[in-house]
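Report on one structure; see the data block that follows.
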Amino acid sequence: MKRILILGGGTAGTIVANKLSQELSPDEWKITVVDQSETHLYQPGLLFIPFGIYSENDVKRPRRDYLPRDVEVVISEIEIIEPDKSQVRIKKDKRTLRYDYLIITTGSRIVPEETPGLTEQEWHKSIFDFYTPAGSTALAKKLRTWEGGRLVLNIAEMPIKCPVAPLEFMFLADWFFHEEGIRDRVDLTLVTPLSGAFTKPRAAERLGDILEQKNIKVVPEFNIMEVDPDANKIISYDEQEVAYDLLVSIPINMGSEVIERSGLGDELAFIPTDKHTLKAQKFDNVFVLGDATNLPSSKAGSVAHFEGDVFIKNFLRYIDGLDLKPTFDGHANCYIESGFGKGFLIDFNYDVEPLPGKFPLPGVGPFSLLQESRMNHWGKVLFRWMYWNILLKGKPMPITAQMSMAGKWM
């Protein structure tokens with residue numbers, strides 16, 4: 001019997017485990033998933049907790065409910081990955097798990113301690129993140145009684161999980177403070193290391209216009225050096241300063257600590273991965289999906305979904321002795337909640353930036369690309385149901401894994 005070991009039971013790991021279970025005979029293949037937590041976290045939902053739209057309970061489900069019964073689930077921290085020996089050592093019972101094929105989907109994490117002053121006396125008091133349940137919940141409590149002032153959202157460094165999340169946060173904050181009747185007492189500022197509001201120029205221009213219309217300031221090309229919590233300001237390496245009363249931080253994102261311990265990652269602990277086949281560059285029986293890769297694609301759930309679809313077909317070829325095809329194109333598809341019951345949708349890949357148009361049916365939609373609409377908001381709302389009931393379980397989705405130009409306006 002051949003063994004497939006999947007490290008990480010998040011979005012990418014769960015999708016792949018379900019799809020492999022559907023394709024491979026349990027009499028010939030043993031599939032094992034290792035994760036340190038019993039709980040599966042719906043990460044896009046963390047953004048909505050600060051504004052009272054979701055609670056922490058709305059974004060958590062039992063992990064085992066979303067993995068096939070014929071897949072072995074091991075709840076344990078991972079000690080070290082030893083690809084030269086085709087084995088992984090875990091902390092539970094000091095076990096060693098051997099494999100024929102390894103799929104690494106260990107995700108990414110925030111590392112706020114990398115920025116001096118960020119996590120000292122004011123962490124989760126006047127300085128918050130919304131990339132963790134604890135951070136989102138603490139910020140929700142703060143916003144319930146906050147009376148206004150200078151709210152600054154700072155992106156420490158790219159890449160980050162879901163590059164559109166900072167924009168969504170600012171749009172939702174604008175809506176939230178309007179609803180609370182204190183928008184005129186709140187100064188909203190997005191401070192970013194990018195040259196604009198987003199990583200793709202055309203989308204950055206369009207979304208930047210919306211930020212301006214909503215009176216949300218943007219401070220570009222700000223590379224944070226430290227936080228001064230006593231003076232309530234952030235300071236860049238070129239000595240720019242931005243003052244705040246409430247700081248929302250998107251800290252440095254890095255790959256999993258086990259990737260660092262195992263010496264498999266780059267300087268940010270992301271694994272060098274072939275951007276079209278998803279095979280680890282240094283190992284023939286190791287594949288990497290989701291946020292754990294160093295690919296020049298978005299670290300977002302949609303990318304994990306599209307990677308999973310492409311990977312399964314390629315992997316089935318590979319185990320039959322055929323060459324891998326360069327089929328993953330970096331496809332990403334993201335809803336952007338813009339507040340007041342409206343939203344945007346963008347669809348892009350490695351080579352094509354977001355374009356206007358209709359999606360998924362050309363000329364029909366019902367969703368509009370790079371345009372604000374109420375239908376896009378409802379698409380975002382519907383996606384949560386689709387995530388739990390269709391996407392995670394590896395069921396077919398009505399979106400092609402490779403990006404289509406149909407319906408896009410050049």
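Convention: chains lettered A, B, ... in structure tokens order; per-chain residue numbering from 1; ligands numbered from 1 as shown.
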
Check: What are the DSSP helix (DSSP H, G or I) residues of range 57-215 of chain A, as a ChimeraX atom specification?
Finding: /A:57-59,63-66,92-94,112-114,133-145,165-180,183-185,201-213

For Phe48 in chain A, find every residue with an atom within 12 Å (counting only C-alpha atoms), except residues of its own chain fewer than 5 positions away, and show them as a CSV table (one decimal) with N, CA and C atoms, in the first residue's frame.
chain,number,residue,atom,x,y,z
A,42,TYR,N,-12.7,29.2,9.3
A,42,TYR,CA,-13.1,29.9,8.1
A,42,TYR,C,-12.4,31.3,8.1
A,43,GLN,N,-11.3,31.4,7.6
A,43,GLN,CA,-10.4,32.6,7.7
A,43,GLN,C,-11.1,33.8,7.2
A,53,ILE,N,-20.6,41.4,12.5
A,53,ILE,CA,-21.4,40.7,11.5
A,53,ILE,C,-21.3,39.2,11.8
A,54,TYR,N,-20.2,38.7,12.2
A,54,TYR,CA,-20.0,37.3,12.6
A,54,TYR,C,-19.5,37.3,14.1
A,55,SER,N,-19.7,36.2,14.8
A,55,SER,CA,-19.0,35.9,16.0
A,55,SER,C,-17.9,34.9,15.8
A,56,GLU,N,-17.1,34.7,16.8
A,56,GLU,CA,-16.1,33.7,16.7
A,56,GLU,C,-16.6,32.3,16.4
A,58,ASP,N,-19.1,31.6,14.6
A,58,ASP,CA,-19.6,31.5,13.2
A,58,ASP,C,-18.5,31.0,12.3
A,59,VAL,N,-17.2,31.1,12.7
A,59,VAL,CA,-16.1,30.8,11.8
A,59,VAL,C,-15.4,29.5,12.2
A,130,PHE,N,-6.6,41.5,12.9
A,130,PHE,CA,-7.9,40.8,12.7
A,130,PHE,C,-7.6,39.5,11.9
A,131,TYR,N,-6.4,39.0,12.0
A,131,TYR,CA,-6.0,37.7,11.3
A,131,TYR,C,-6.1,36.5,12.2
A,132,THR,N,-6.5,36.7,13.4
A,132,THR,CA,-6.6,35.7,14.4
A,132,THR,C,-7.9,35.8,15.1
A,133,PRO,N,-8.5,34.7,15.6
A,133,PRO,CA,-9.8,34.9,16.4
A,133,PRO,C,-9.6,35.8,17.6
A,135,GLY,N,-7.5,38.3,18.0
A,135,GLY,CA,-7.4,39.7,17.6
A,135,GLY,C,-8.7,40.2,17.1
A,136,SER,N,-9.4,39.5,16.3
A,136,SER,CA,-10.7,40.0,15.8
A,136,SER,C,-11.7,40.2,16.9
A,137,THR,N,-11.8,39.3,17.9
A,137,THR,CA,-12.7,39.4,19.0
A,137,THR,C,-12.4,40.6,19.9
A,139,LEU,N,-10.8,43.3,19.0
A,139,LEU,CA,-11.1,44.5,18.3
A,139,LEU,C,-12.6,44.8,18.2
A,140,ALA,N,-13.4,43.7,18.1
A,140,ALA,CA,-14.8,43.9,18.2
A,140,ALA,C,-15.2,44.5,19.5
A,165,ALA,N,-7.9,42.0,1.8
A,165,ALA,CA,-8.5,42.1,3.1
A,165,ALA,C,-8.3,43.5,3.7
A,168,GLU,N,-11.0,45.7,2.3
A,168,GLU,CA,-12.3,45.3,2.8
A,168,GLU,C,-12.5,45.9,4.2
A,169,PHE,N,-11.4,45.8,5.0
A,169,PHE,CA,-11.5,46.3,6.4
A,169,PHE,C,-11.8,47.8,6.4
A,170,MET,N,-11.2,48.5,5.6
A,170,MET,CA,-11.4,50.0,5.5
A,170,MET,C,-12.8,50.3,5.0
A,171,PHE,N,-13.3,49.6,4.0
A,171,PHE,CA,-14.6,49.8,3.5
A,171,PHE,C,-15.7,49.5,4.6
A,172,LEU,N,-15.5,48.4,5.3
A,172,LEU,CA,-16.4,48.0,6.3
A,172,LEU,C,-16.3,49.0,7.5
A,173,ALA,N,-15.1,49.5,7.8
A,173,ALA,CA,-15.0,50.4,8.9
A,173,ALA,C,-15.8,51.7,8.5
A,176,PHE,N,-19.4,50.9,9.0
A,176,PHE,CA,-19.7,50.6,10.5
A,176,PHE,C,-19.8,52.0,11.2
A,337,GLU,N,-15.9,43.1,-0.1
A,337,GLU,CA,-17.0,43.7,0.5
A,337,GLU,C,-16.7,45.2,0.6
A,339,GLY,N,-19.1,47.6,1.8
A,339,GLY,CA,-20.0,48.2,2.7
A,339,GLY,C,-21.3,48.7,2.1
A,380,LYS,N,-20.6,37.3,-2.0
A,380,LYS,CA,-19.7,37.2,-0.9
A,380,LYS,C,-20.5,36.4,0.3
A,381,VAL,N,-21.7,36.8,0.5
A,381,VAL,CA,-22.5,36.2,1.5
A,381,VAL,C,-22.8,34.7,1.2
A,384,ARG,N,-19.8,31.9,1.9
A,384,ARG,CA,-19.6,31.2,3.1
A,384,ARG,C,-20.3,29.8,3.2

Under the rule of at most 12 Å, produce a per-residue listing of range 279-308 of chain A near range 193-199 of chain A: chain, number, name, the closest pair of atoms, and the distance in Å, as a Markdown table, using only C-alpha atoms.
| residue | atom | partner | partner_atom | distance |
| --- | --- | --- | --- | --- |
| A:Pro296 | CA | A:Thr199 | CA | 11.0 |
| A:Ser297 | CA | A:Thr199 | CA | 10.6 |
| A:Ser298 | CA | A:Thr199 | CA | 9.6 |

Next item on the list: Would you kindly return, as a list in words, each protein, DNA or RNA residue with an atom no farther than 6 Å from any atom of range 81-87 of chain A, considering only C-alpha atoms and excluding same-chain residues fewer than 6 positions away?
Entry: Leu97, Arg98, Tyr99 and Ser262 of chain A

So that I can check the surroundings of Ile127 in chain A, please list as an mmCIF file with N, CA and C atoms, in the first residue's frame every protein, DNA and RNA residue that reaches within 8 Å of it, counting only C-alpha atoms and ignoring chain neighbours fewer than 4 positions away.
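Now in part03.cif:
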data_model
loop_
_atom_site.group_PDB
_atom_site.id
_atom_site.type_symbol
_atom_site.label_atom_id
_atom_site.label_comp_id
_atom_site.auth_asym_id
_atom_site.auth_seq_id
_atom_site.Cartn_x
_atom_site.Cartn_y
_atom_site.Cartn_z
ATOM 1 N N LEU A 118 5.357 46.472 18.462
ATOM 2 C CA LEU A 118 3.998 46.114 18.069
ATOM 3 C C LEU A 118 3.264 45.330 19.157
ATOM 4 N N GLU A 122 0.668 47.469 24.462
ATOM 5 C CA GLU A 122 -0.639 47.845 23.920
ATOM 6 C C GLU A 122 -1.275 46.799 23.009
ATOM 7 N N TRP A 123 -0.668 45.620 22.878
ATOM 8 C CA TRP A 123 -1.214 44.584 21.993
ATOM 9 C C TRP A 123 -2.601 44.156 22.480
ATOM 10 N N LEU A 246 -6.015 54.449 17.297
ATOM 11 C CA LEU A 246 -6.297 53.018 17.247
ATOM 12 C C LEU A 246 -5.542 52.455 16.043
ATOM 13 N N LEU A 247 -4.668 51.482 16.303
ATOM 14 C CA LEU A 247 -3.852 50.898 15.234
ATOM 15 C C LEU A 247 -4.318 49.475 14.956
ATOM 16 N N VAL A 248 -4.640 49.230 13.699
ATOM 17 C CA VAL A 248 -4.962 47.878 13.249
ATOM 18 C C VAL A 248 -3.802 47.425 12.373
ATOM 19 N N SER A 249 -3.131 46.375 12.804
ATOM 20 C CA SER A 249 -1.912 45.926 12.121
ATOM 21 C C SER A 249 -2.153 44.637 11.357
#

Note to self: When you look at range 311-314 of chain A with a cut-off of 8 Å (counting only C-alpha atoms), what residues show up, excluding the ones that are within fewer than 6 positions of it in the same chain? I need them as JSON, numbers by chain.
What the structure shows: {"A": [16, 19, 20, 277, 278, 324, 325, 328]}

Let me see the file: selected residues, C-alpha atoms, as a PDB file, in the first residue's frame.
ATOM      1  CA  VAL A  16      -6.954  17.843  -1.569  1.00  0.00           C
ATOM      2  CA  LYS A  19     -10.464  14.964  -3.925  1.00  0.00           C
ATOM      3  CA  LEU A  20      -7.799  12.279  -3.505  1.00  0.00           C
ATOM      4  CA  THR A 277       3.090  22.215 -11.406  1.00  0.00           C
ATOM      5  CA  LEU A 278       3.059  22.868  -7.605  1.00  0.00           C
ATOM      6  CA  LEU A 324       3.635  16.813 -14.893  1.00  0.00           C
ATOM      7  CA  LYS A 325       1.917  19.400 -17.051  1.00  0.00           C
ATOM      8  CA  PHE A 328      -1.643  26.088 -12.868  1.00  0.00           C
TER       9      PHE A 328
END

Next item on the list: For Ala401 in chain A, please output as a list in words all residues within 10 Å (counting only C-alpha atoms; exclusion window: fewer than 6 positions along the same chain).
Entry: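 The contact residues come out as Ser302, Val303, His305, Phe306, Glu307, Gly308, Asp309, Val310, Thr327, Phe328, Asp329, Gly330, His331 and Ala332 of chain A.
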